[in-house]
Amino acid sequence: NCQYLDLEANLLSSWEDINALMKIMPQLNTLILSANPLPRTLPPNPFTLQCSSLKILYLNHLPDIWPLILKLATDTMQLDHLEELHLCNNHIKAIGGPVVEKETSVHLSSLKLLNLDNNQLTQWSELQDSFISTLPSLQRLLLNNNQLVHITSPKTHQFLHLQQLSISSNQLTSFYSIEALNEFPSLINLKCNNNPLASLEGGDHILRHWIIAAIKKLNVLNISQVRARERKDSERIYLKEVALLKQATVHTTSSKTTTTTTDRSSEGIYQRQ
């Protein structure tokens, strides 16, 4: 009746051995295989992982494991029962795989949480154009401690059910990325500490106000609840700052005939970046 099995750092080097363990544990719910010297390819067909009851899988500290995960996720249905997949500290630099344009991925259909913390991802477009953006059950995406520089708005079929996004300790420098998050239809929980954007916008306190004002549905920011009073104050502070920036832009326009005032309410924010 074992439901939880932690085999981290046990020198396991065979998928056949893992399969044998899972076969005698038909109710296994959580399996931790992190930091083992497992092969980065599965045994030849007709090998199939015996993990139909498995809901949570940890494969942390396994460099170069991503191609195997990609194959399992896109070429087979062997991971479709998973609800959580943890792939931290795996030196993942790119997602790869085919660009997904259809509305719903047929892979990893039950996955609610994908943890890619502490990797080396730099391009948001790779996430957005991959099967990850169309996972039908995905609610939580963890991308802390990567190297993402910017985030763009999703297309109508992407990240439809994503409620929580964690992007702390990346390299975000533009408020455009924050505005883009307002276009995620279900996003209510954001964690984004320790990005260069904070220093550009006057520190974490000021940035918090701006983020709350920019993302209308946000309920939780950096593990702190956004209450109605704080949202009202944040919107007031944001509008006041925008008005000051507009005045500065108009003043610049009057002194430099080549400068024009744009209609974008927060133009000053972006000019400073």
# chains A, B, ... in the order shown; residues from 1 in each chain; ligands from 1
$ residues_around --residues "Tyr58 (chain A)" --least-positions-apart "2" --cutoff "12 Å" --atoms "only C-alpha atoms" --output "mmCIF file with all heavy atoms, in the first residue's frame"
data_model
loop_
_atom_site.group_PDB
_atom_site.id
_atom_site.type_symbol
_atom_site.label_atom_id
_atom_site.label_comp_id
_atom_site.auth_asym_id
_atom_site.auth_seq_id
_atom_site.Cartn_x
_atom_site.Cartn_y
_atom_site.Cartn_z
ATOM 1 N N TYR A 4 4.131 6.729 -1.232
ATOM 2 C CA TYR A 4 5.192 7.738 -1.337
ATOM 3 C C TYR A 4 6.541 7.022 -1.274
ATOM 4 O O TYR A 4 6.807 6.258 -0.337
ATOM 5 C CB TYR A 4 5.068 8.737 -0.185
ATOM 6 C CG TYR A 4 6.113 9.837 -0.165
ATOM 7 C CD1 TYR A 4 5.858 11.072 -0.745
ATOM 8 C CD2 TYR A 4 7.350 9.628 0.443
ATOM 9 C CE1 TYR A 4 6.818 12.078 -0.719
ATOM 10 C CE2 TYR A 4 8.311 10.629 0.465
ATOM 11 C CZ TYR A 4 8.030 11.853 -0.116
ATOM 12 O OH TYR A 4 8.991 12.841 -0.085
ATOM 13 N N LEU A 5 7.396 7.287 -2.270
ATOM 14 C CA LEU A 5 8.687 6.618 -2.321
ATOM 15 C C LEU A 5 9.774 7.625 -2.705
ATOM 16 O O LEU A 5 9.734 8.214 -3.781
ATOM 17 C CB LEU A 5 8.650 5.479 -3.343
ATOM 18 C CG LEU A 5 9.921 4.624 -3.468
ATOM 19 C CD1 LEU A 5 10.258 3.945 -2.143
ATOM 20 C CD2 LEU A 5 9.753 3.589 -4.577
ATOM 21 N N ASP A 6 10.739 7.807 -1.788
ATOM 22 C CA ASP A 6 11.849 8.737 -2.012
ATOM 23 C C ASP A 6 13.118 7.934 -2.261
ATOM 24 O O ASP A 6 13.668 7.305 -1.352
ATOM 25 C CB ASP A 6 12.017 9.645 -0.786
ATOM 26 C CG ASP A 6 13.067 10.735 -1.013
ATOM 27 O OD1 ASP A 6 13.781 10.684 -2.037
ATOM 28 O OD2 ASP A 6 13.171 11.644 -0.164
ATOM 29 N N LEU A 7 13.595 7.978 -3.515
ATOM 30 C CA LEU A 7 14.808 7.255 -3.914
ATOM 31 C C LEU A 7 15.898 8.217 -4.364
ATOM 32 O O LEU A 7 16.782 7.849 -5.143
ATOM 33 C CB LEU A 7 14.473 6.274 -5.043
ATOM 34 C CG LEU A 7 13.493 5.151 -4.691
ATOM 35 C CD1 LEU A 7 13.125 4.355 -5.931
ATOM 36 C CD2 LEU A 7 14.085 4.242 -3.621
ATOM 37 N N GLU A 8 15.845 9.444 -3.875
ATOM 38 C CA GLU A 8 16.826 10.444 -4.298
ATOM 39 C C GLU A 8 18.246 10.009 -3.935
ATOM 40 O O GLU A 8 18.516 9.513 -2.843
ATOM 41 C CB GLU A 8 16.528 11.792 -3.643
ATOM 42 C CG GLU A 8 17.487 12.898 -4.058
ATOM 43 C CD GLU A 8 17.048 14.256 -3.559
ATOM 44 O OE1 GLU A 8 16.005 14.340 -2.878
ATOM 45 O OE2 GLU A 8 17.742 15.248 -3.859
ATOM 46 N N ALA A 9 19.175 10.198 -4.905
ATOM 47 C CA ALA A 9 20.605 9.942 -4.695
ATOM 48 C C ALA A 9 20.868 8.542 -4.167
ATOM 49 O O ALA A 9 21.557 8.335 -3.162
ATOM 50 C CB ALA A 9 21.183 10.993 -3.751
ATOM 51 N N ASN A 29 1.812 6.951 -5.381
ATOM 52 C CA ASN A 29 1.313 8.275 -5.784
ATOM 53 C C ASN A 29 2.446 9.255 -6.078
ATOM 54 O O ASN A 29 2.370 10.034 -7.029
ATOM 55 C CB ASN A 29 0.412 8.827 -4.676
ATOM 56 C CG ASN A 29 -0.098 10.212 -4.956
ATOM 57 O OD1 ASN A 29 0.581 11.209 -4.707
ATOM 58 N ND2 ASN A 29 -1.316 10.303 -5.485
ATOM 59 N N THR A 30 3.505 9.205 -5.253
ATOM 60 C CA THR A 30 4.615 10.148 -5.371
ATOM 61 C C THR A 30 5.930 9.395 -5.456
ATOM 62 O O THR A 30 6.222 8.535 -4.617
ATOM 63 C CB THR A 30 4.643 11.095 -4.152
ATOM 64 O OG1 THR A 30 3.405 11.801 -4.071
ATOM 65 C CG2 THR A 30 5.798 12.082 -4.264
ATOM 66 N N LEU A 31 6.739 9.748 -6.466
ATOM 67 C CA LEU A 31 8.025 9.087 -6.665
ATOM 68 C C LEU A 31 9.110 10.140 -6.865
ATOM 69 O O LEU A 31 8.984 11.021 -7.712
ATOM 70 C CB LEU A 31 7.962 8.163 -7.884
ATOM 71 C CG LEU A 31 9.258 7.446 -8.273
ATOM 72 C CD1 LEU A 31 9.732 6.538 -7.130
ATOM 73 C CD2 LEU A 31 9.057 6.640 -9.561
ATOM 74 N N ILE A 32 10.177 10.038 -6.066
ATOM 75 C CA ILE A 32 11.311 10.959 -6.157
ATOM 76 C C ILE A 32 12.523 10.196 -6.674
ATOM 77 O O ILE A 32 13.035 9.295 -6.000
ATOM 78 C CB ILE A 32 11.612 11.601 -4.788
ATOM 79 C CG1 ILE A 32 10.375 12.326 -4.256
ATOM 80 C CG2 ILE A 32 12.795 12.554 -4.897
ATOM 81 C CD1 ILE A 32 10.540 12.900 -2.862
ATOM 82 N N LEU A 33 12.964 10.551 -7.876
ATOM 83 C CA LEU A 33 14.113 9.893 -8.505
ATOM 84 C C LEU A 33 15.267 10.869 -8.736
ATOM 85 O O LEU A 33 16.180 10.570 -9.508
ATOM 86 C CB LEU A 33 13.687 9.283 -9.838
ATOM 87 C CG LEU A 33 12.670 8.145 -9.776
ATOM 88 C CD1 LEU A 33 12.239 7.735 -11.172
ATOM 89 C CD2 LEU A 33 13.243 6.947 -9.015
ATOM 90 N N SER A 34 15.247 11.975 -8.068
ATOM 91 C CA SER A 34 16.244 13.023 -8.293
ATOM 92 C C SER A 34 17.656 12.531 -7.974
ATOM 93 O O SER A 34 17.868 11.674 -7.110
ATOM 94 C CB SER A 34 15.922 14.241 -7.423
ATOM 95 O OG SER A 34 14.626 14.717 -7.688
ATOM 96 N N ALA A 35 18.623 13.108 -8.710
ATOM 97 C CA ALA A 35 20.046 12.885 -8.438
ATOM 98 C C ALA A 35 20.446 11.418 -8.489
ATOM 99 O O ALA A 35 21.227 10.939 -7.669
ATOM 100 C CB ALA A 35 20.426 13.504 -7.094
ATOM 101 N N ASN A 36 19.922 10.698 -9.461
ATOM 102 C CA ASN A 36 20.350 9.320 -9.718
ATOM 103 C C ASN A 36 20.978 9.250 -11.119
ATOM 104 O O ASN A 36 20.591 10.023 -12.014
ATOM 105 C CB ASN A 36 19.163 8.353 -9.646
ATOM 106 C CG ASN A 36 18.785 7.987 -8.226
ATOM 107 O OD1 ASN A 36 19.511 7.289 -7.533
ATOM 108 N ND2 ASN A 36 17.629 8.488 -7.776
ATOM 109 N N LEU A 54 0.721 6.894 -10.598
ATOM 110 C CA LEU A 54 1.642 7.957 -10.201
ATOM 111 C C LEU A 54 1.065 9.335 -10.531
ATOM 112 O O LEU A 54 0.640 9.592 -11.660
ATOM 113 C CB LEU A 54 2.977 7.766 -10.907
ATOM 114 C CG LEU A 54 4.186 8.484 -10.301
ATOM 115 C CD1 LEU A 54 4.475 7.963 -8.901
ATOM 116 C CD2 LEU A 54 5.400 8.305 -11.200
ATOM 117 N N LYS A 55 1.061 10.232 -9.533
ATOM 118 C CA LYS A 55 0.553 11.591 -9.712
ATOM 119 C C LYS A 55 1.658 12.652 -9.627
ATOM 120 O O LYS A 55 1.544 13.709 -10.244
ATOM 121 C CB LYS A 55 -0.518 11.895 -8.645
ATOM 122 C CG LYS A 55 -1.701 10.947 -8.641
ATOM 123 C CD LYS A 55 -2.481 10.996 -9.939
ATOM 124 C CE LYS A 55 -3.692 10.071 -9.881
ATOM 125 N NZ LYS A 55 -4.408 10.030 -11.184
ATOM 126 N N ILE A 56 2.700 12.365 -8.841
ATOM 127 C CA ILE A 56 3.751 13.358 -8.602
ATOM 128 C C ILE A 56 5.107 12.715 -8.856
ATOM 129 O O ILE A 56 5.435 11.679 -8.259
ATOM 130 C CB ILE A 56 3.684 13.898 -7.154
ATOM 131 C CG1 ILE A 56 2.299 14.493 -6.875
ATOM 132 C CG2 ILE A 56 4.771 14.936 -6.906
ATOM 133 C CD1 ILE A 56 2.068 14.870 -5.416
ATOM 134 N N ASN A 60 14.646 15.951 -10.384
ATOM 135 C CA ASN A 60 15.555 17.072 -10.212
ATOM 136 C C ASN A 60 17.017 16.605 -10.252
ATOM 137 O O ASN A 60 17.322 15.436 -10.023
ATOM 138 C CB ASN A 60 15.296 17.779 -8.879
ATOM 139 C CG ASN A 60 13.873 18.302 -8.771
ATOM 140 O OD1 ASN A 60 13.259 18.685 -9.763
ATOM 141 N ND2 ASN A 60 13.342 18.319 -7.556
ATOM 142 N N HIS A 61 17.907 17.543 -10.524
ATOM 143 C CA HIS A 61 19.342 17.251 -10.543
ATOM 144 C C HIS A 61 19.669 16.086 -11.479
ATOM 145 O O HIS A 61 20.430 15.175 -11.134
ATOM 146 C CB HIS A 61 19.840 16.953 -9.121
ATOM 147 C CG HIS A 61 19.722 18.120 -8.177
ATOM 148 N ND1 HIS A 61 20.584 19.200 -8.214
ATOM 149 C CD2 HIS A 61 18.820 18.383 -7.204
ATOM 150 C CE1 HIS A 61 20.228 20.067 -7.283
ATOM 151 N NE2 HIS A 61 19.160 19.603 -6.670
ATOM 152 N N LEU A 62 19.082 16.149 -12.671
ATOM 153 C CA LEU A 62 19.357 15.150 -13.709
ATOM 154 C C LEU A 62 19.657 15.879 -15.016
ATOM 155 O O LEU A 62 18.799 15.979 -15.900
ATOM 156 C CB LEU A 62 18.157 14.209 -13.887
ATOM 157 C CG LEU A 62 17.814 13.280 -12.721
ATOM 158 C CD1 LEU A 62 16.497 12.569 -12.973
ATOM 159 C CD2 LEU A 62 18.936 12.278 -12.500
ATOM 160 N N ILE A 65 18.165 15.483 -18.938
ATOM 161 C CA ILE A 65 16.995 14.607 -18.887
ATOM 162 C C ILE A 65 15.854 15.133 -19.765
ATOM 163 O O ILE A 65 14.931 14.382 -20.117
ATOM 164 C CB ILE A 65 16.497 14.438 -17.428
ATOM 165 C CG1 ILE A 65 15.530 13.240 -17.286
ATOM 166 C CG2 ILE A 65 15.788 15.707 -16.935
ATOM 167 C CD1 ILE A 65 16.182 11.914 -17.483
ATOM 168 N N ILE A 69 12.125 13.557 -21.305
ATOM 169 C CA ILE A 69 10.804 14.055 -20.888
ATOM 170 C C ILE A 69 10.006 14.500 -22.104
ATOM 171 O O ILE A 69 8.802 14.211 -22.226
ATOM 172 C CB ILE A 69 10.959 15.212 -19.891
ATOM 173 C CG1 ILE A 69 11.682 14.753 -18.627
ATOM 174 C CG2 ILE A 69 9.601 15.816 -19.544
ATOM 175 C CD1 ILE A 69 10.967 13.649 -17.884
ATOM 176 N N LEU A 82 0.093 12.111 -14.788
ATOM 177 C CA LEU A 82 0.803 12.958 -13.823
ATOM 178 C C LEU A 82 0.059 14.259 -13.567
ATOM 179 O O LEU A 82 -0.498 14.866 -14.488
ATOM 180 C CB LEU A 82 2.209 13.292 -14.328
ATOM 181 C CG LEU A 82 3.287 12.238 -14.203
ATOM 182 C CD1 LEU A 82 4.612 12.794 -14.714
ATOM 183 C CD2 LEU A 82 3.436 11.750 -12.771
ATOM 184 N N GLU A 83 0.090 14.697 -12.311
ATOM 185 C CA GLU A 83 -0.472 15.995 -11.944
ATOM 186 C C GLU A 83 0.620 17.002 -11.575
ATOM 187 O O GLU A 83 0.397 18.207 -11.666
ATOM 188 C CB GLU A 83 -1.453 15.832 -10.777
ATOM 189 C CG GLU A 83 -2.678 15.012 -11.147
ATOM 190 C CD GLU A 83 -3.673 14.891 -10.011
ATOM 191 O OE1 GLU A 83 -3.433 15.505 -8.936
ATOM 192 O OE2 GLU A 83 -4.691 14.194 -10.186
ATOM 193 N N GLU A 84 1.780 16.492 -11.138
ATOM 194 C CA GLU A 84 2.920 17.358 -10.840
ATOM 195 C C GLU A 84 4.188 16.753 -11.419
ATOM 196 O O GLU A 84 4.448 15.557 -11.241
ATOM 197 C CB GLU A 84 3.107 17.533 -9.322
ATOM 198 C CG GLU A 84 1.999 18.288 -8.627
ATOM 199 C CD GLU A 84 2.341 18.566 -7.160
ATOM 200 O OE1 GLU A 84 3.538 18.456 -6.783
ATOM 201 O OE2 GLU A 84 1.412 18.880 -6.399
ATOM 202 N N LEU A 85 4.984 17.606 -12.071
ATOM 203 C CA LEU A 85 6.259 17.175 -12.625
ATOM 204 C C LEU A 85 7.319 18.199 -12.247
ATOM 205 O O LEU A 85 7.213 19.378 -12.592
ATOM 206 C CB LEU A 85 6.162 17.046 -14.146
ATOM 207 C CG LEU A 85 7.442 16.623 -14.888
ATOM 208 C CD1 LEU A 85 7.947 15.286 -14.360
ATOM 209 C CD2 LEU A 85 7.170 16.546 -16.391
ATOM 210 N N HIS A 86 8.344 17.744 -11.516
ATOM 211 C CA HIS A 86 9.392 18.625 -11.008
ATOM 212 C C HIS A 86 10.700 18.330 -11.736
ATOM 213 O O HIS A 86 11.211 17.203 -11.683
ATOM 214 C CB HIS A 86 9.558 18.418 -9.501
ATOM 215 C CG HIS A 86 8.324 18.749 -8.717
ATOM 216 N ND1 HIS A 86 8.132 19.969 -8.110
ATOM 217 C CD2 HIS A 86 7.203 18.017 -8.460
ATOM 218 C CE1 HIS A 86 6.956 19.986 -7.501
ATOM 219 N NE2 HIS A 86 6.369 18.806 -7.705
ATOM 220 N N LEU A 87 11.235 19.362 -12.407
ATOM 221 C CA LEU A 87 12.435 19.211 -13.230
ATOM 222 C C LEU A 87 13.444 20.322 -12.915
ATOM 223 O O LEU A 87 13.943 21.001 -13.802
ATOM 224 C CB LEU A 87 12.054 19.252 -14.712
ATOM 225 C CG LEU A 87 11.087 18.163 -15.187
ATOM 226 C CD1 LEU A 87 10.543 18.487 -16.570
ATOM 227 C CD2 LEU A 87 11.762 16.794 -15.180
ATOM 228 N N CYS A 88 13.748 20.485 -11.645
ATOM 229 C CA CYS A 88 14.630 21.569 -11.205
ATOM 230 C C CYS A 88 16.101 21.194 -11.359
ATOM 231 O O CYS A 88 16.473 20.025 -11.311
ATOM 232 C CB CYS A 88 14.360 21.905 -9.741
ATOM 233 S SG CYS A 88 12.645 22.274 -9.368
ATOM 234 N N ASN A 89 16.939 22.221 -11.544
ATOM 235 C CA ASN A 89 18.396 22.040 -11.560
ATOM 236 C C ASN A 89 18.841 21.005 -12.594
ATOM 237 O O ASN A 89 19.686 20.151 -12.333
ATOM 238 C CB ASN A 89 18.887 21.629 -10.168
ATOM 239 C CG ASN A 89 18.660 22.693 -9.118
ATOM 240 O OD1 ASN A 89 19.332 23.721 -9.090
ATOM 241 N ND2 ASN A 89 17.674 22.467 -8.271
ATOM 242 N N ASN A 90 18.266 21.114 -13.797
ATOM 243 C CA ASN A 90 18.587 20.162 -14.861
ATOM 244 C C ASN A 90 19.319 20.793 -16.039
ATOM 245 O O ASN A 90 19.451 20.170 -17.093
ATOM 246 C CB ASN A 90 17.303 19.472 -15.352
ATOM 247 C CG ASN A 90 16.801 18.431 -14.369
ATOM 248 O OD1 ASN A 90 17.556 17.924 -13.544
ATOM 249 N ND2 ASN A 90 15.518 18.116 -14.431
ATOM 250 N N LEU A 113 0.818 21.083 -12.306
ATOM 251 C CA LEU A 113 1.995 21.845 -11.878
ATOM 252 C C LEU A 113 3.217 21.374 -12.643
ATOM 253 O O LEU A 113 3.521 20.180 -12.680
ATOM 254 C CB LEU A 113 2.224 21.673 -10.371
ATOM 255 C CG LEU A 113 3.392 22.472 -9.751
ATOM 256 C CD1 LEU A 113 3.097 22.752 -8.282
ATOM 257 C CD2 LEU A 113 4.725 21.721 -9.860
ATOM 258 N N LEU A 114 3.926 22.339 -13.253
ATOM 259 C CA LEU A 114 5.205 22.065 -13.907
ATOM 260 C C LEU A 114 6.261 22.950 -13.265
ATOM 261 O O LEU A 114 6.158 24.180 -13.293
ATOM 262 C CB LEU A 114 5.119 22.347 -15.407
ATOM 263 C CG LEU A 114 6.423 22.161 -16.197
ATOM 264 C CD1 LEU A 114 6.932 20.724 -16.069
ATOM 265 C CD2 LEU A 114 6.212 22.523 -17.665
ATOM 266 N N ASN A 115 7.268 22.329 -12.674
ATOM 267 C CA ASN A 115 8.311 23.045 -11.943
ATOM 268 C C ASN A 115 9.615 22.996 -12.736
ATOM 269 O O ASN A 115 10.252 21.944 -12.835
ATOM 270 C CB ASN A 115 8.489 22.422 -10.558
ATOM 271 C CG ASN A 115 9.422 23.237 -9.677
ATOM 272 O OD1 ASN A 115 10.096 24.153 -10.135
ATOM 273 N ND2 ASN A 115 9.470 22.900 -8.399
ATOM 274 N N LEU A 116 10.012 24.149 -13.286
ATOM 275 C CA LEU A 116 11.258 24.271 -14.040
ATOM 276 C C LEU A 116 12.205 25.260 -13.353
ATOM 277 O O LEU A 116 13.017 25.921 -14.007
ATOM 278 C CB LEU A 116 10.964 24.735 -15.475
ATOM 279 C CG LEU A 116 10.221 23.724 -16.349
ATOM 280 C CD1 LEU A 116 9.722 24.392 -17.626
ATOM 281 C CD2 LEU A 116 11.104 22.532 -16.686
#
$ closest_residue --among "A:Leu160, A:Leu68, A:Leu148, A:Leu11" --to "Ser177 (chain A)" --atoms "only C-alpha atoms"
A:Leu148
$ residues_around --residues "Thr41 (chain A)" --least-positions-apart "5" --cutoff "12 Å" --atoms "only C-alpha atoms" --output "ChimeraX atom specification"
/A:13-16,47,64-72
$ write_last_selection --atoms "N, CA, C and O atoms" --output "compact mmCIF listing (two decimals), in the first residue's frame"
# COMPACT_ATOMS: atom_id res chain seq x y z
N SER A 13 20.49 3.21 -11.64
CA SER A 13 20.98 3.43 -13.00
C SER A 13 20.21 2.63 -14.04
O SER A 13 20.67 2.48 -15.18
N SER A 14 19.04 2.13 -13.68
CA SER A 14 18.27 1.30 -14.60
C SER A 14 16.79 1.62 -14.54
O SER A 14 16.19 1.59 -13.46
N TRP A 15 16.19 1.92 -15.70
CA TRP A 15 14.75 2.14 -15.76
C TRP A 15 13.99 0.83 -15.52
O TRP A 15 12.86 0.83 -15.04
N GLU A 16 14.63 -0.30 -15.86
CA GLU A 16 13.99 -1.58 -15.59
C GLU A 16 13.81 -1.79 -14.09
O GLU A 16 12.77 -2.30 -13.64
N PHE A 47 9.09 -1.60 -24.06
CA PHE A 47 9.18 -1.13 -22.68
C PHE A 47 8.14 -0.03 -22.42
O PHE A 47 8.01 0.92 -23.20
N ASP A 64 20.45 17.00 -18.67
CA ASP A 64 20.19 16.38 -19.98
C ASP A 64 19.02 15.40 -19.95
O ASP A 64 18.88 14.57 -20.87
N ILE A 65 18.16 15.48 -18.94
CA ILE A 65 16.99 14.61 -18.89
C ILE A 65 15.85 15.13 -19.77
O ILE A 65 14.93 14.38 -20.12
N TRP A 66 15.90 16.42 -20.16
CA TRP A 66 14.77 17.02 -20.86
C TRP A 66 14.40 16.32 -22.17
O TRP A 66 13.21 16.12 -22.44
N PRO A 67 15.36 15.92 -23.02
CA PRO A 67 14.95 15.20 -24.24
C PRO A 67 14.11 13.96 -23.96
O PRO A 67 13.18 13.65 -24.70
N LEU A 68 14.42 13.26 -22.88
CA LEU A 68 13.63 12.08 -22.52
C LEU A 68 12.22 12.49 -22.10
O LEU A 68 11.23 11.87 -22.51
N ILE A 69 12.13 13.56 -21.31
CA ILE A 69 10.80 14.06 -20.89
C ILE A 69 10.01 14.50 -22.10
O ILE A 69 8.80 14.21 -22.23
N LEU A 70 10.67 15.19 -23.01
CA LEU A 70 10.00 15.66 -24.22
C LEU A 70 9.47 14.49 -25.03
O LEU A 70 8.34 14.54 -25.54
N LYS A 71 10.26 13.44 -25.13
CA LYS A 71 9.81 12.26 -25.88
C LYS A 71 8.62 11.60 -25.20
O LYS A 71 7.63 11.25 -25.85
N LEU A 72 8.70 11.44 -23.87
CA LEU A 72 7.59 10.83 -23.14
C LEU A 72 6.31 11.66 -23.23
O LEU A 72 5.21 11.13 -23.28
$ select_by_dssp --residues "region 4-250 of chain A" --states "alpha helix (DSSP H)" --output "NGL selection string"
:A and (15-23 or 66-74 or 124-128 or 175-181 or 197-200 or 204-214 or 228-250)
$ write_last_selection --atoms "C-alpha atoms" --output "compact mmCIF listing (two decimals), in the first residue's frame"
# COMPACT_ATOMS: atom_id res chain seq x y z
CA TRP A 15 14.75 2.14 -15.76
CA GLU A 16 13.99 -1.58 -15.59
CA ASP A 17 14.69 -1.50 -11.84
CA ILE A 18 12.41 1.53 -11.44
CA ASN A 19 9.71 -0.29 -13.36
CA ALA A 20 10.02 -3.36 -11.17
CA LEU A 21 9.56 -1.25 -8.05
CA MET A 22 6.51 0.52 -9.44
CA LYS A 23 4.99 -2.78 -10.52
CA TRP A 66 14.77 17.02 -20.86
CA PRO A 67 14.95 15.20 -24.24
CA LEU A 68 13.63 12.08 -22.52
CA ILE A 69 10.80 14.06 -20.89
CA LEU A 70 10.00 15.66 -24.22
CA LYS A 71 9.81 12.26 -25.88
CA LEU A 72 7.59 10.83 -23.14
CA ALA A 73 5.34 13.88 -23.24
CA THR A 74 4.93 14.24 -26.99
CA TRP A 124 9.79 32.91 -23.21
CA SER A 125 8.80 32.21 -26.82
CA GLU A 126 10.09 28.65 -26.48
CA LEU A 127 7.64 28.02 -23.65
CA GLN A 128 4.81 29.82 -25.39
CA PHE A 175 7.28 46.73 -17.75
CA TYR A 176 5.95 45.36 -21.06
CA SER A 177 6.39 41.90 -19.51
CA ILE A 178 4.15 42.86 -16.59
CA GLU A 179 1.50 44.28 -18.91
CA ALA A 180 1.58 41.06 -20.93
CA LEU A 181 0.64 39.09 -17.83
CA LEU A 197 12.83 45.63 -13.17
CA ALA A 198 12.56 46.43 -9.45
CA SER A 199 15.61 48.73 -9.53
CA LEU A 200 14.36 50.46 -12.69
CA ASP A 204 10.02 46.41 -4.78
CA HIS A 205 7.49 48.58 -2.92
CA ILE A 206 6.77 50.87 -5.88
CA LEU A 207 6.89 47.98 -8.33
CA ARG A 208 4.29 46.12 -6.28
CA HIS A 209 1.83 48.99 -6.73
CA TRP A 210 2.47 49.09 -10.46
CA ILE A 211 2.07 45.33 -10.90
CA ILE A 212 -1.22 45.30 -8.97
CA ALA A 213 -2.52 48.17 -11.09
CA ALA A 214 -1.44 46.48 -14.32
CA ALA A 228 -9.33 45.67 -2.22
CA ARG A 229 -7.87 48.69 -0.40
CA GLU A 230 -4.37 47.96 -1.65
CA ARG A 231 -5.63 47.60 -5.22
CA LYS A 232 -7.40 50.95 -5.00
CA ASP A 233 -4.29 52.64 -3.59
CA SER A 234 -2.08 51.01 -6.22
CA GLU A 235 -4.26 52.21 -9.07
CA ARG A 236 -4.25 55.73 -7.63
CA ILE A 237 -0.45 55.76 -7.27
CA TYR A 238 -0.04 54.35 -10.76
CA LEU A 239 -2.30 56.94 -12.36
CA LYS A 240 -0.57 59.74 -10.47
CA GLU A 241 2.83 58.58 -11.70
CA VAL A 242 1.55 58.27 -15.26
CA ALA A 243 0.18 61.82 -15.10
CA LEU A 244 3.58 63.12 -13.98
CA LEU A 245 5.32 61.22 -16.73
CA LYS A 246 2.90 62.61 -19.30
CA GLN A 247 3.63 66.14 -18.11
CA ALA A 248 7.34 65.48 -18.44
CA THR A 249 6.79 64.13 -21.95
CA VAL A 250 4.75 67.18 -22.95
$ atom_distance --atom1 "CA of Ser53 (chain A)" --atom2 "CA of Pro26 (chain A)"
6.6 Å
$ select_by_dssp --residues "region 66-261 of chain A" --states "strand (DSSP E or B)" --output "number ranges by chain"
A: 84-86, 113-115, 140-142, 164-166, 189-191, 220-221, 224-225
$ write_last_selection --atoms "N, CA and C atoms" --output "CSV table (one decimal), in the first residue's frame"
chain,number,residue,atom,x,y,z
A,84,GLU,N,1.8,16.5,-11.1
A,84,GLU,CA,2.9,17.4,-10.8
A,84,GLU,C,4.2,16.8,-11.4
A,85,LEU,N,5.0,17.6,-12.1
A,85,LEU,CA,6.3,17.2,-12.6
A,85,LEU,C,7.3,18.2,-12.2
A,86,HIS,N,8.3,17.7,-11.5
A,86,HIS,CA,9.4,18.6,-11.0
A,86,HIS,C,10.7,18.3,-11.7
A,113,LEU,N,0.8,21.1,-12.3
A,113,LEU,CA,2.0,21.8,-11.9
A,113,LEU,C,3.2,21.4,-12.6
A,114,LEU,N,3.9,22.3,-13.3
A,114,LEU,CA,5.2,22.1,-13.9
A,114,LEU,C,6.3,23.0,-13.3
A,115,ASN,N,7.3,22.3,-12.7
A,115,ASN,CA,8.3,23.0,-11.9
A,115,ASN,C,9.6,23.0,-12.7
A,140,ARG,N,-0.2,25.8,-12.5
A,140,ARG,CA,0.9,26.4,-11.8
A,140,ARG,C,2.2,26.1,-12.7
A,141,LEU,N,2.9,27.2,-13.0
A,141,LEU,CA,4.1,27.1,-13.8
A,141,LEU,C,5.2,27.8,-13.0
A,142,LEU,N,6.3,27.1,-12.6
A,142,LEU,CA,7.3,27.6,-11.7
A,142,LEU,C,8.6,27.8,-12.6
A,164,GLN,N,-1.2,30.3,-11.5
A,164,GLN,CA,0.0,30.8,-10.7
A,164,GLN,C,1.2,30.7,-11.6
A,165,LEU,N,1.9,31.8,-11.6
A,165,LEU,CA,3.2,31.9,-12.3
A,165,LEU,C,4.3,32.5,-11.4
A,166,SER,N,5.4,31.7,-11.3
A,166,SER,CA,6.5,32.1,-10.5
A,166,SER,C,7.7,32.4,-11.4
A,189,ASN,N,-2.2,34.6,-9.3
A,189,ASN,CA,-1.2,34.5,-8.4
A,189,ASN,C,0.2,34.6,-9.1
A,190,LEU,N,1.0,35.7,-8.7
A,190,LEU,CA,2.2,35.9,-9.3
A,190,LEU,C,3.3,36.1,-8.3
A,191,LYS,N,4.5,35.5,-8.6
A,191,LYS,CA,5.7,35.7,-7.8
A,191,LYS,C,6.8,36.2,-8.7
A,220,VAL,N,-3.0,37.4,-5.5
A,220,VAL,CA,-1.8,37.2,-4.6
A,220,VAL,C,-0.5,37.7,-5.4
A,221,LEU,N,0.3,38.5,-4.8
A,221,LEU,CA,1.5,38.9,-5.4
A,221,LEU,C,2.7,38.7,-4.4
A,224,SER,N,1.8,37.4,-0.9
A,224,SER,CA,1.0,38.3,-0.1
A,224,SER,C,-0.3,38.6,-0.8
A,225,GLN,N,-1.4,38.5,-0.1
A,225,GLN,CA,-2.7,38.7,-0.6
A,225,GLN,C,-2.9,40.2,-1.1
